[in-house]
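Peer 1: The following file, data33.txt, comprises compact mmCIF, C-alpha atoms and all ligand atoms:
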# COMPACT_ATOMS: atom_id res chain seq x y z
CA MET I 872 23.92 -124.43 144.74
CA ARG I 873 24.75 -124.11 141.04
CA THR I 874 22.57 -125.90 138.52
CA ILE I 875 24.16 -126.69 135.18
CA ALA I 876 21.95 -127.78 132.27
CA VAL I 877 23.73 -129.52 129.40
CA VAL I 878 21.62 -128.57 126.38
CA ASN I 879 21.75 -129.09 122.64
CA GLN I 880 18.84 -130.22 120.53
CA LYS I 881 21.30 -131.94 118.22
CA GLY I 882 21.56 -135.64 119.03
CA GLY I 883 24.85 -137.33 119.80
CA CYS I 884 26.95 -134.21 120.43
CA GLY I 885 28.22 -135.48 123.79
CA LYS I 886 25.64 -134.19 126.31
CA THR I 887 25.43 -137.38 128.35
CA THR I 888 29.18 -138.02 128.27
CA ILE I 889 29.78 -134.47 129.51
CA SER I 890 27.04 -134.66 132.15
CA ILE I 891 28.34 -137.92 133.63
CA ASN I 892 32.02 -137.07 133.60
CA LEU I 893 31.66 -133.47 134.69
CA SER I 894 29.53 -134.64 137.63
CA ALA I 895 32.14 -137.25 138.57
CA ALA I 896 34.92 -134.64 138.36
CA LEU I 897 33.00 -132.12 140.49
CA ALA I 898 32.36 -134.83 143.09
CA ALA I 899 36.01 -135.93 143.05
CA LYS I 900 36.92 -132.35 143.96
CA GLY I 901 34.85 -132.64 147.10
CA ASN I 902 31.60 -131.10 145.87
CA ARG I 903 28.24 -132.65 146.75
CA THR I 904 26.99 -133.38 143.25
CA LEU I 905 23.66 -134.56 141.87
CA LEU I 906 23.17 -135.66 138.27
CA ILE I 907 19.60 -135.48 136.97
CA ASP I 908 18.70 -137.34 133.78
CA MET I 909 15.97 -135.44 131.92
CA ASP I 910 16.17 -137.70 128.87
CA SER I 911 13.75 -140.61 128.57
CA GLN I 912 16.49 -142.59 126.81
CA GLY I 913 17.88 -143.13 130.34
CA HIS I 914 21.50 -143.01 129.15
CA CYS I 915 22.91 -141.67 132.44
CA ALA I 916 21.82 -144.86 134.21
CA VAL I 917 23.30 -146.98 131.42
CA GLY I 918 26.56 -145.03 131.53
CA LEU I 919 26.79 -145.47 135.30
CA ALA I 920 25.83 -149.15 135.48
CA VAL I 921 22.52 -148.53 137.22
CA PRO I 922 20.40 -151.52 136.14
CA GLU I 923 17.44 -150.22 134.16
CA GLU I 924 15.08 -152.96 135.36
CA GLN I 925 15.75 -151.97 138.98
CA VAL I 926 14.77 -148.34 138.43
CA GLU I 927 11.25 -148.48 139.78
CA GLN I 928 10.82 -144.79 140.40
CA SER I 929 12.52 -142.14 138.35
CA VAL I 930 12.73 -138.43 137.65
CA TYR I 931 9.35 -138.87 135.94
CA ASP I 932 7.60 -139.81 139.21
CA VAL I 933 9.08 -136.80 141.00
CA LEU I 934 8.11 -134.34 138.25
CA ILE I 935 4.64 -135.72 137.66
CA GLY I 936 4.06 -135.67 141.45
CA ILE I 937 4.77 -131.94 141.48
CA GLY I 938 2.58 -131.37 138.42
CA ARG I 939 -0.33 -133.22 140.06
CA GLY I 940 0.12 -131.57 143.43
CA GLU I 941 1.18 -134.87 145.07
CA PRO I 942 4.90 -134.24 145.61
CA MET I 943 7.24 -137.13 146.47
CA ARG I 944 10.75 -136.66 147.87
CA LEU I 945 13.56 -136.62 145.33
CA LYS I 946 15.65 -138.68 147.80
CA GLU I 947 13.39 -141.65 147.09
CA VAL I 948 14.62 -142.02 143.52
CA LEU I 949 18.35 -141.34 144.05
CA TRP I 950 21.16 -143.83 143.45
CA GLN I 951 24.55 -143.30 145.03
CA ILE I 952 27.31 -143.60 142.41
CA SER I 953 30.37 -142.70 144.50
CA ASP I 954 31.27 -140.46 147.44
CA GLY I 955 29.37 -137.21 146.98
CA PHE I 956 27.93 -138.25 143.61
CA GLU I 957 24.25 -139.22 143.25
CA LEU I 958 22.07 -139.89 140.23
CA ALA I 959 18.36 -139.24 139.71
CA PRO I 960 17.80 -141.70 136.84
CA SER I 961 15.18 -141.51 134.17
CA ASN I 962 13.50 -144.10 132.01
CA ILE I 963 11.05 -144.34 129.16
CA ASP I 964 8.19 -143.13 131.42
CA LEU I 965 9.57 -139.62 131.01
CA ALA I 966 8.63 -139.64 127.31
CA ALA I 967 4.98 -139.28 128.36
CA PHE I 968 5.57 -136.28 130.65
CA GLU I 969 5.06 -133.60 128.02
CA GLN I 970 1.71 -134.94 126.87
CA GLN I 971 0.49 -135.72 130.38
CA MET I 972 1.23 -132.17 131.50
CA THR I 973 -0.77 -130.56 128.67
CA GLY I 974 -2.95 -127.85 130.14
CA VAL I 975 -1.36 -128.02 133.63
CA THR I 976 -0.44 -124.54 134.85
CA ASP I 977 3.17 -123.96 135.86
CA ARG I 978 4.24 -127.22 134.18
CA GLU I 979 7.53 -125.66 133.10
CA ASN I 980 8.52 -125.08 136.75
CA CYS I 981 8.21 -128.66 138.06
CA LEU I 982 11.97 -129.31 138.19
CA LYS I 983 12.67 -125.87 139.68
CA LYS I 984 10.26 -126.62 142.53
CA VAL I 985 12.00 -129.95 143.17
CA LEU I 986 15.42 -128.30 143.25
CA ASP I 987 14.29 -125.40 145.43
CA GLU I 988 13.66 -128.00 148.17
CA ILE I 989 17.24 -129.32 148.07
CA GLN I 990 19.17 -126.04 147.73
CA ASP I 991 21.24 -126.76 150.84
CA ASP I 992 21.93 -130.42 150.12
CA TYR I 993 24.17 -130.07 147.06
CA ASP I 994 26.91 -127.81 145.71
CA TYR I 995 26.30 -128.73 142.05
CA VAL I 996 23.36 -130.17 140.14
CA VAL I 997 24.07 -131.25 136.56
CA ILE I 998 21.08 -131.83 134.24
CA ASP I 999 21.44 -134.02 131.16
CA CYS I 1000 18.85 -132.82 128.64
CA PRO I 1001 17.19 -134.69 125.77
CA PRO I 1002 18.03 -133.89 122.14
CA SER I 1003 14.94 -131.74 121.65
CA VAL I 1004 13.49 -128.47 122.82
CA GLY I 1005 10.31 -129.39 124.58
CA LEU I 1006 8.85 -129.16 128.05
CA LEU I 1007 11.66 -131.22 129.63
CA THR I 1008 14.41 -128.94 128.34
CA PHE I 1009 12.37 -125.90 129.33
CA ASN I 1010 12.05 -127.31 132.87
CA ALA I 1011 15.85 -127.66 132.95
CA LEU I 1012 16.37 -124.07 131.77
CA ARG I 1013 13.91 -122.70 134.33
CA ALA I 1014 15.95 -124.36 137.05
CA ALA I 1015 19.41 -123.57 135.66
CA THR I 1016 22.01 -121.04 136.71
CA ASP I 1017 24.36 -122.21 133.93
CA VAL I 1018 23.90 -123.76 130.52
CA ILE I 1019 26.60 -125.73 128.73
CA VAL I 1020 26.05 -126.09 124.97
CA PRO I 1021 28.31 -128.87 123.67
CA VAL I 1022 29.25 -128.38 120.03
CA GLU I 1023 30.56 -131.41 118.23
CA MET I 1024 33.44 -130.48 115.96
CA GLY I 1025 31.98 -131.92 112.75
CA TYR I 1026 31.31 -130.60 109.26
CA PHE I 1027 27.87 -129.23 109.97
CA SER I 1028 28.40 -128.05 113.53
CA LEU I 1029 28.73 -124.34 112.85
CA HIS I 1030 25.80 -124.22 110.48
CA GLY I 1031 23.49 -125.90 112.97
CA LEU I 1032 24.86 -123.92 115.90
CA SER I 1033 23.40 -120.60 114.89
CA ARG I 1034 19.92 -122.08 114.82
CA GLN I 1035 20.39 -123.99 118.06
CA LEU I 1036 21.50 -120.88 119.88
CA GLU I 1037 18.63 -118.79 118.55
CA THR I 1038 16.19 -121.33 119.92
CA LEU I 1039 18.06 -121.48 123.21
CA ILE I 1040 18.11 -117.70 123.53
CA ALA I 1041 14.35 -117.57 122.86
CA LEU I 1042 13.87 -120.02 125.73
CA CYS I 1043 16.34 -118.30 128.08
CA ASP I 1044 14.51 -115.04 127.46
CA GLN I 1045 11.45 -116.59 129.02
CA CYS I 1046 13.30 -117.48 132.21
CA GLU I 1047 13.40 -115.05 135.11
CA GLN I 1048 16.75 -115.96 136.62
CA LYS I 1049 20.25 -115.17 135.39
CA ILE I 1050 21.65 -117.90 133.16
CA ASN I 1051 25.31 -118.14 132.24
CA VAL I 1052 25.41 -119.68 128.73
CA MET I 1053 28.73 -121.25 127.70
CA VAL I 1054 29.73 -123.20 124.60
CA LEU I 1055 31.96 -126.28 124.95
CA ALA I 1056 33.88 -127.77 122.00
CA SER I 1057 33.12 -131.48 122.14
CA MET I 1058 34.69 -134.54 120.50
CA TYR I 1059 37.54 -132.41 119.21
CA ASP I 1060 40.09 -134.27 117.12
CA ILE I 1061 43.17 -132.10 116.78
CA ARG I 1062 44.46 -134.31 113.96
CA THR I 1063 41.78 -133.15 111.51
CA LYS I 1064 42.16 -129.87 109.64
CA MET I 1065 38.42 -129.25 109.74
CA GLY I 1066 38.38 -129.74 113.51
CA ARG I 1067 41.14 -127.16 113.97
CA GLU I 1068 39.39 -124.70 111.66
CA ILE I 1069 36.07 -125.03 113.42
CA LEU I 1070 37.68 -124.58 116.83
CA ALA I 1071 39.41 -121.44 115.56
CA GLU I 1072 36.04 -120.09 114.37
CA LEU I 1073 34.42 -120.84 117.71
CA LYS I 1074 37.23 -119.02 119.53
CA LYS I 1075 36.84 -116.04 117.22
CA HIS I 1076 33.07 -115.75 117.67
CA PHE I 1077 32.59 -116.71 121.28
CA SER I 1078 35.83 -115.73 123.03
CA GLU I 1079 34.74 -115.42 126.66
CA GLN I 1080 31.66 -117.59 126.18
CA LEU I 1081 33.67 -120.57 124.97
CA PHE I 1082 35.20 -122.80 127.62
CA LYS I 1083 38.98 -122.72 127.31
CA THR I 1084 38.85 -126.41 128.08
CA VAL I 1085 38.07 -128.61 125.11
CA ALA I 1086 36.48 -132.08 125.40
CA ASN I 1087 38.86 -133.97 123.14
CA PHE I 1088 37.77 -137.06 121.25
CA ASN I 1089 39.01 -139.92 123.40
CA THR I 1090 38.02 -143.54 122.86
CA LYS I 1091 38.47 -144.21 126.59
CA LEU I 1092 35.31 -142.14 127.16
CA LYS I 1093 33.32 -144.45 124.90
CA GLU I 1094 34.79 -147.55 126.58
CA ALA I 1095 34.06 -146.15 130.05
CA ALA I 1096 30.41 -145.55 129.12
CA SER I 1097 30.00 -149.05 127.73
CA LEU I 1098 31.32 -150.46 131.03
CA GLY I 1099 29.09 -148.20 133.10
CA GLN I 1100 31.89 -146.17 134.68
CA PRO I 1101 32.84 -142.52 134.73
CA ILE I 1102 36.24 -141.90 133.14
CA SER I 1103 37.63 -141.01 136.59
CA GLU I 1104 37.25 -144.67 137.55
CA TYR I 1105 37.88 -146.39 134.23
CA ALA I 1106 40.99 -144.52 133.05
CA PRO I 1107 42.14 -141.88 135.54
CA SER I 1108 45.35 -141.20 133.62
CA SER I 1109 43.61 -140.70 130.27
CA LYS I 1110 43.38 -137.43 128.36
CA GLY I 1111 39.58 -137.73 128.66
CA HIS I 1112 39.79 -137.63 132.46
CA LYS I 1113 42.20 -134.67 132.43
CA ASP I 1114 39.78 -132.74 130.20
CA PHE I 1115 36.91 -133.22 132.65
CA LEU I 1116 39.01 -132.25 135.67
CA ALA I 1117 40.00 -129.08 133.80
CA LEU I 1118 36.39 -128.42 132.82
CA ALA I 1119 35.30 -128.77 136.45
CA ASP I 1120 38.03 -126.32 137.53
CA GLU I 1121 37.07 -123.84 134.85
CA LEU I 1122 33.40 -124.09 135.72
CA ILE I 1123 34.06 -123.64 139.42
CA GLY I 1124 36.09 -120.53 138.58
CA THR I 1125 33.48 -119.01 136.23
CA ASP I 1126 31.86 -115.88 137.52
CA THR I 1127 28.18 -116.65 138.01
CA GLN I 1128 27.36 -113.05 138.76
CA LEU I 1129 27.64 -111.97 135.11
CA HIS I 1130 24.39 -110.50 134.05
CA ARG I 1131 22.32 -112.92 132.00
CA ALA I 1132 21.02 -110.23 129.64
CA ASP I 1133 24.57 -109.17 128.73
CA LEU I 1134 25.58 -112.72 127.98
CA VAL I 1135 22.51 -113.54 125.96
CA ASN I 1136 22.71 -110.28 123.99
CA SER I 1137 26.34 -110.69 123.10
CA LEU I 1138 25.61 -114.26 122.01
CA GLN I 1139 22.78 -113.00 119.81
CA ALA I 1140 25.05 -110.46 118.13
CA ARG I 1141 27.37 -113.23 116.99
CA LEU I 1142 24.87 -115.52 115.33
CA SER I 1143 24.96 -113.99 111.86
CA THR I 1144 28.75 -114.06 111.71
CA ILE I 1145 28.72 -117.73 112.66
CA SER I 1146 26.43 -118.52 109.75
CA ALA I 1147 28.73 -116.65 107.37
CA SER I 1148 31.75 -118.62 108.60
CA ALA I 1149 29.78 -121.83 108.30
CA GLU I 1150 29.08 -121.01 104.69
CA GLU I 1151 32.79 -120.54 104.00
CA LEU I 1152 33.73 -123.74 105.76
CA LEU I 1153 31.06 -125.75 104.03
CA ALA I 1154 32.20 -124.43 100.69
CA SER I 1155 35.52 -126.14 101.39
CA VAL I 1156 33.99 -129.49 102.33
CA PRO I 1157 35.50 -132.30 100.23
CA PRO I 1158 33.25 -133.48 97.38
CA ASP I 1159 32.71 -136.95 98.85
CA VAL I 1160 30.98 -135.40 101.85
CA ILE I 1161 28.52 -133.33 99.86
CA LYS I 1162 27.79 -134.24 96.25
CA PRO I 1163 26.27 -131.25 94.42
CA LYS I 1164 24.05 -131.88 91.41
CA GLU I 1165 26.09 -132.24 88.23
CA GLN I 1166 26.84 -129.08 86.26
CA GLU I 1167 24.45 -126.88 88.26
CA PRO I 1168 25.65 -124.19 90.64
CA VAL I 1169 24.08 -124.98 94.03
CA SER I 1170 23.53 -122.77 97.02
CA LEU I 1171 24.54 -123.73 100.54
CA ASP I 1172 20.93 -124.39 101.50
CA GLU I 1173 20.50 -126.70 98.55
CA LYS I 1174 23.64 -128.55 99.52
CA LEU I 1175 22.35 -129.08 103.02
CA ALA I 1176 18.89 -130.01 101.78
CA ASP I 1177 20.55 -132.69 99.69
CA VAL I 1178 21.79 -134.16 102.90
CA TYR I 1179 19.01 -133.48 105.41
CA GLY I 1180 15.92 -131.33 105.68
CA VAL I 1181 12.56 -130.88 104.03
CA ARG I 1182 12.00 -129.99 100.35
CA GLN I 1183 9.59 -130.44 97.48
CA VAL I 1184 10.53 -132.97 94.81
CA ASP I 1185 8.27 -133.89 91.85
CA GLY I 1186 4.92 -133.43 93.59
CA HIS I 1187 6.16 -135.01 96.83
CA VAL I 1188 7.57 -133.55 99.98
CA SER I 1189 10.80 -135.19 101.06
CA PHE I 1190 11.79 -135.30 104.74
CA ALA I 1191 15.34 -136.40 105.61
CA ALA I 1192 17.02 -136.41 109.00
CA MET I 1193 20.05 -137.89 110.72
CA TYR I 1194 19.43 -139.96 113.86
CA PRO I 1195 22.24 -142.53 114.12
CA ARG I 1196 20.93 -144.28 117.21
CA ALA I 1197 17.16 -143.98 116.78
CA LYS I 1198 15.01 -147.07 116.56
CA SER I 1199 12.02 -145.23 115.11
CA VAL I 1200 11.43 -141.83 113.53
CA GLN I 1201 7.83 -140.75 112.91
CA ILE I 1202 6.22 -137.52 111.87
CA ALA I 1203 3.09 -135.86 113.23
CA GLY I 1204 1.44 -132.80 111.79
CA ASP I 1205 -1.59 -131.11 110.26
CA PHE I 1206 -1.47 -133.70 107.47
CA ASN I 1207 -2.02 -136.79 109.66
CA GLU I 1208 -4.18 -135.44 112.52
CA TRP I 1209 -0.99 -135.19 114.61
CA MET I 1210 -0.89 -138.98 114.95
CA PRO I 1211 2.75 -140.09 114.59
CA GLU I 1212 1.86 -143.78 114.45
CA LYS I 1213 0.35 -143.13 111.02
CA THR I 1214 3.54 -141.92 109.34
CA HIS I 1215 7.01 -143.45 109.65
CA LEU I 1216 10.32 -142.37 108.15
CA GLN I 1217 12.45 -145.27 106.83
CA ARG I 1218 16.06 -145.76 107.77
CA VAL I 1219 18.01 -145.57 104.52
CA ASP I 1220 21.64 -146.16 105.45
CA GLU I 1221 24.07 -147.46 108.06
CA ALA I 1222 25.03 -143.95 109.09
CA GLY I 1223 21.53 -143.27 110.40
CA LYS I 1224 19.83 -141.21 107.71
CA TRP I 1225 16.01 -141.44 107.81
CA HIS I 1226 13.77 -140.51 104.90
CA LEU I 1227 10.14 -140.15 103.85
CA ALA I 1228 8.54 -138.94 100.62
CA MET I 1229 4.93 -137.85 101.12
CA PRO I 1230 2.43 -136.46 98.60
CA LEU I 1231 0.97 -133.20 100.01
CA GLU I 1232 -1.53 -130.71 98.60
CA LYS I 1233 -0.57 -127.04 98.37
CA GLY I 1234 -0.79 -125.28 101.70
CA LEU I 1235 0.88 -124.38 104.97
CA TYR I 1236 1.59 -127.26 107.36
CA ARG I 1237 2.91 -127.54 110.88
CA TYR I 1238 4.64 -130.71 112.04
CA ARG I 1239 7.02 -132.25 114.57
CA LEU I 1240 9.27 -135.30 114.42
CA VAL I 1241 8.83 -138.09 116.96
CA VAL I 1242 12.13 -139.84 117.58
CA ASP I 1243 11.86 -142.95 119.75
CA GLY I 1244 8.71 -141.48 121.24
CA GLN I 1245 10.18 -138.03 121.85
CA TRP I 1246 8.46 -135.12 120.17
CA GLN I 1247 10.76 -132.50 118.72
CA GLN I 1248 11.05 -129.89 116.03
CA ASP I 1249 12.74 -130.83 112.76
CA PRO I 1250 16.34 -129.79 113.52
CA TYR I 1251 17.06 -129.26 109.82
CA ASN I 1252 14.19 -126.88 109.10
CA ASP I 1253 14.83 -123.24 110.00
CA TRP I 1254 11.18 -122.24 109.90
CA ILE I 1255 9.78 -122.77 113.37
CA GLU I 1256 6.83 -121.39 115.28
CA MET I 1257 6.11 -121.59 118.99
CA ASN I 1258 2.93 -123.55 119.75
CA PRO I 1259 0.55 -122.85 122.67
CA TYR I 1260 2.47 -125.32 124.87
CA GLY I 1261 5.72 -123.33 124.57
CA GLU I 1262 7.29 -125.90 122.24
CA PHE I 1263 8.39 -125.36 118.66
CA ASN I 1264 6.55 -126.69 115.63
CA SER I 1265 8.32 -126.87 112.29
CA VAL I 1266 6.52 -125.12 109.46
CA LEU I 1267 6.33 -126.12 105.80
CA ASN I 1268 4.77 -124.26 102.85
CA VAL I 1269 3.93 -126.55 99.93
CA GLN I 1270 3.58 -124.59 96.69
N1 LIG Q 1 34.80 -136.79 123.82
C1 LIG Q 1 34.39 -137.96 123.29
N2 LIG Q 1 35.29 -138.84 122.78
C2 LIG Q 1 34.89 -140.01 122.24
N3 LIG Q 1 33.61 -140.41 122.16
C3 LIG Q 1 32.68 -139.58 122.66
C4 LIG Q 1 33.02 -138.32 123.25
N4 LIG Q 1 31.87 -137.72 123.66
C5 LIG Q 1 30.87 -138.56 123.34
N5 LIG Q 1 31.35 -139.68 122.74
C6 LIG Q 1 30.57 -140.81 122.23
O1 LIG Q 1 29.65 -140.32 121.25
C7 LIG Q 1 28.38 -140.94 121.39
C8 LIG Q 1 27.32 -139.88 121.68
O2 LIG Q 1 27.63 -139.26 122.91
P1 LIG Q 1 26.50 -138.91 124.00
O3 LIG Q 1 25.60 -140.06 124.23
O4 LIG Q 1 27.21 -138.34 125.17
O5 LIG Q 1 25.75 -137.76 123.20
P2 LIG Q 1 24.35 -137.08 123.57
O6 LIG Q 1 24.42 -135.67 123.10
O7 LIG Q 1 24.01 -137.31 125.00
O8 LIG Q 1 23.35 -137.93 122.66
P3 LIG Q 1 21.72 -137.83 122.72
O9 LIG Q 1 21.41 -136.56 122.01
O10 LIG Q 1 21.25 -139.06 121.99
O11 LIG Q 1 21.33 -137.80 124.16
C9 LIG Q 1 28.53 -141.97 122.50
O12 LIG Q 1 28.83 -143.21 121.93
C10 LIG Q 1 29.73 -141.46 123.31
O13 LIG Q 1 30.43 -142.52 123.95
MG MG Q 2 22.27 -138.09 125.86
Take the structure in the file and write it out as structure tokens.
Peer 2:
Amino acid sequence: MRTIAVVNQKGGCGKTTISINLSAALAAKGNRTLLIDMDSQGHCAVGLAVPEEQVEQSVYDVLIGIGRGEPMRLKEVLWQISDGFELAPSNIDLAAFEQQMTGVTDRENCLKKVLDEIQDDYDYVVIDCPPSVGLLTFNALRAATDVIVPVEMGYFSLHGLSRQLETLIALCDQCEQKINVMVLASMYDIRTKMGREILAELKKHFSEQLFKTVANFNTKLKEAASLGQPISEYAPSSKGHKDFLALADELIGTDTQLHRADLVNSLQARLSTISASAEELLASVPPDVIKPKEQEPVSLDEKLADVYGVRQVDGHVSFAAMYPRAKSVQIAGDFNEWMPEKTHLQRVDEAGKWHLAMPLEKGLYRYRLVVDGQWQQDPYNDWIEMNPYGEFNSVLNVQ
């Protein structure tokens, strides 16, 4: 059995779309396939027309059962989607898992224990991860033989990628099993110059660790999801469907025996060159995408901070982040007794930018963002520190 975790802490880069349609393609090729939703947003169920109100028991119940030493059978929560394709759905309950498991030994191995029991029942397990690196993602990595990192082909993708991969490598290093880490270009639009340039950079840096298959931008994929169907059912002759059949073929053909350490090390060696390329590409971004301050020369970091991130402005600390689909973004840290309900970011535009200006005394602070109830590190702040629970806190020094 191969277990493929689809991981990227960046929201909206195509994880769920890839998880659903890759699972459907693997099943269509005759493989017994199980899709596990590890995201409390429950998007796999939505994308496969499983009615949310009918999901009485979910991945949460199975995981928490293991954690509490009262295991229940995974079979009890499964929904059949098509021949050879089953879904273990999730729902909002899963958002509480991380906190409820605090202090429980072996809490990062709950999913692995569940999957060890069903080794002979499936050929492929695909795990859709949440857009954060917390206990749920760590559970997925502990259970995984393969990791797919979707990279959306947008302006900031390369810059963010280096940081994402560093975090991922730190987590993979803590896993005992071999993990085959592969990057997948997602939402690629061949018509844009930037898209073509970014893909060329990815090919240059990752070569054998980049899937040859590209997940092209295809509106049929969006339509399929809104109707609760995999693309194989909604539009079998579409480009979107062909991409996922090709991805399944490529994945099936990938050598799983490559040594994890070799893969992870060679990935590590490439991170600095990716950042350098990102800097070049960002320098060529059209002025309406990034507006530098008038007359002043600005560094790349300042440019990005203008868009998202954390910085000091006139005695305040400004937090800005992009969460297009979030309903609430809160912050918890040393400055508010780690109580997110005390401090909310405000949505400032249609695109999904969230902002907060907070007066803070001089000092070193640790914090995390809470997006629709999910705790996560600030994806736009490079300074992170692992906390005692194996998650990452963001760090801020107010001067
Ligand atoms: N290849 C594609 N072509 C067109 N639209 C796409 C493609 N991939 C994803 N989308 C659309 O982009 C949006 C975000 O995709 P998706 O939900 O798969 O991302 P995600 O990484 O799972 O997000 P989250 O981090 O919130 O879980 C959805 O509306 C989806 O339909
Ligand atoms: Mg998702």
Peer 1: Select the residues contacting ligand LIG 1 (chain Q) at a distance of at most 9 Å, based on all atoms listed in the file, then format the selection as a PyMOL selection string.
Peer 2: chain I and resi 877-891+910+912-915+918+999-1003+1021+1023+1057-1060+1085-1097+1111+1194-1197
Peer 1: Show which residues sit within 8 Å of Leu1240 in chain I, as a count of residues only. Count all atoms listed in the file, and ignore same-chain residues fewer than 4 positions away.
Peer 2: 9
Peer 1: Given the choices I:Gly1005, I:Ala1222, I:Ile1050, I:Asp994, which gets closest to Gln970 in chain I if the distance is worked out from all atoms listed in the file?
Peer 2: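 Under the stated criterion, the closest residue is I:Gly1005.
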Peer 1: Which one is closest to ligand MG 2 (chain Q): I:Ile907, I:Asn1264, I:Thr874, I:Leu986? Count all atoms listed in the file.
Peer 2: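 Selected residue with least distance to ligand MG 2 (chain Q): I:Ile907.
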Peer 1: Would you work out the distance separating CA of Val926 in chain I from CA of Asn1010 in chain I, expressed in Å to one decimal?
Peer 2: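 Here the two named atoms are 21.9 Å from each other.
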Peer 1: Using only C-alpha atoms, which of the listed residues (I:Arg939, I:Arg873, I:Lys946, I:Lys1075) sits closest to Arg978 in chain I?
Peer 2: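 Closest candidate: I:Arg939.
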Peer 1: Find the spatial neighbours of Val1266 in chain I, counting all atoms listed in the file, within a cut-off of 8 Å - ignore same-chain residues fewer than 2 positions away - and output them as number ranges by chain.
Peer 2: I: 1235-1238, 1252, 1254-1256, 1264, 1268
Peer 1: Mind pulling up the distance from CA of Phe956 in chain I to CA of Ser1103 in chain I?
Peer 2: 12.3 Å
Peer 1: Would you mind listing what lies within 7 Å of Cys981 in chain I as a ChimeraX atom specification, with all atoms listed in the file counted and same-chain residues fewer than 5 positions away left out?
Peer 2: /I:934,937-938,1010
Peer 1: For a quick check of understanding, using all atoms listed in the file, which of I:Gln1035, I:Gln1100, I:Ser1199, I:Gln971 has the smallest distance to Val921 in chain I?
Peer 2: I:Gln1100
Peer 1: Select, from I:Glu957, I:Asp1044, I:Glu1037, I:Asp977, the residue with the minimum atom-to-atom distance to Tyr993 in chain I, counting all atoms listed in the file.
Peer 2: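 Of I:Glu957, I:Asp1044, I:Glu1037, I:Asp977, the one nearest Tyr993 in chain I is I:Glu957, counting all atoms listed in the file.
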Peer 1: Figure out the distance between CA of Val985 in chain I and CA of Glu1047 in chain I, please, to one decimal in Å.
Peer 2: 17.0 Å
Peer 1: In terms of the shortest atom-to-atom distance over only C-alpha atoms, which of I:Ala1192, I:Arg903, I:Val1022, I:Gly1223 is closest to Asp991 in chain I?
Peer 2: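 Under the stated criterion, the closest residue is I:Arg903.
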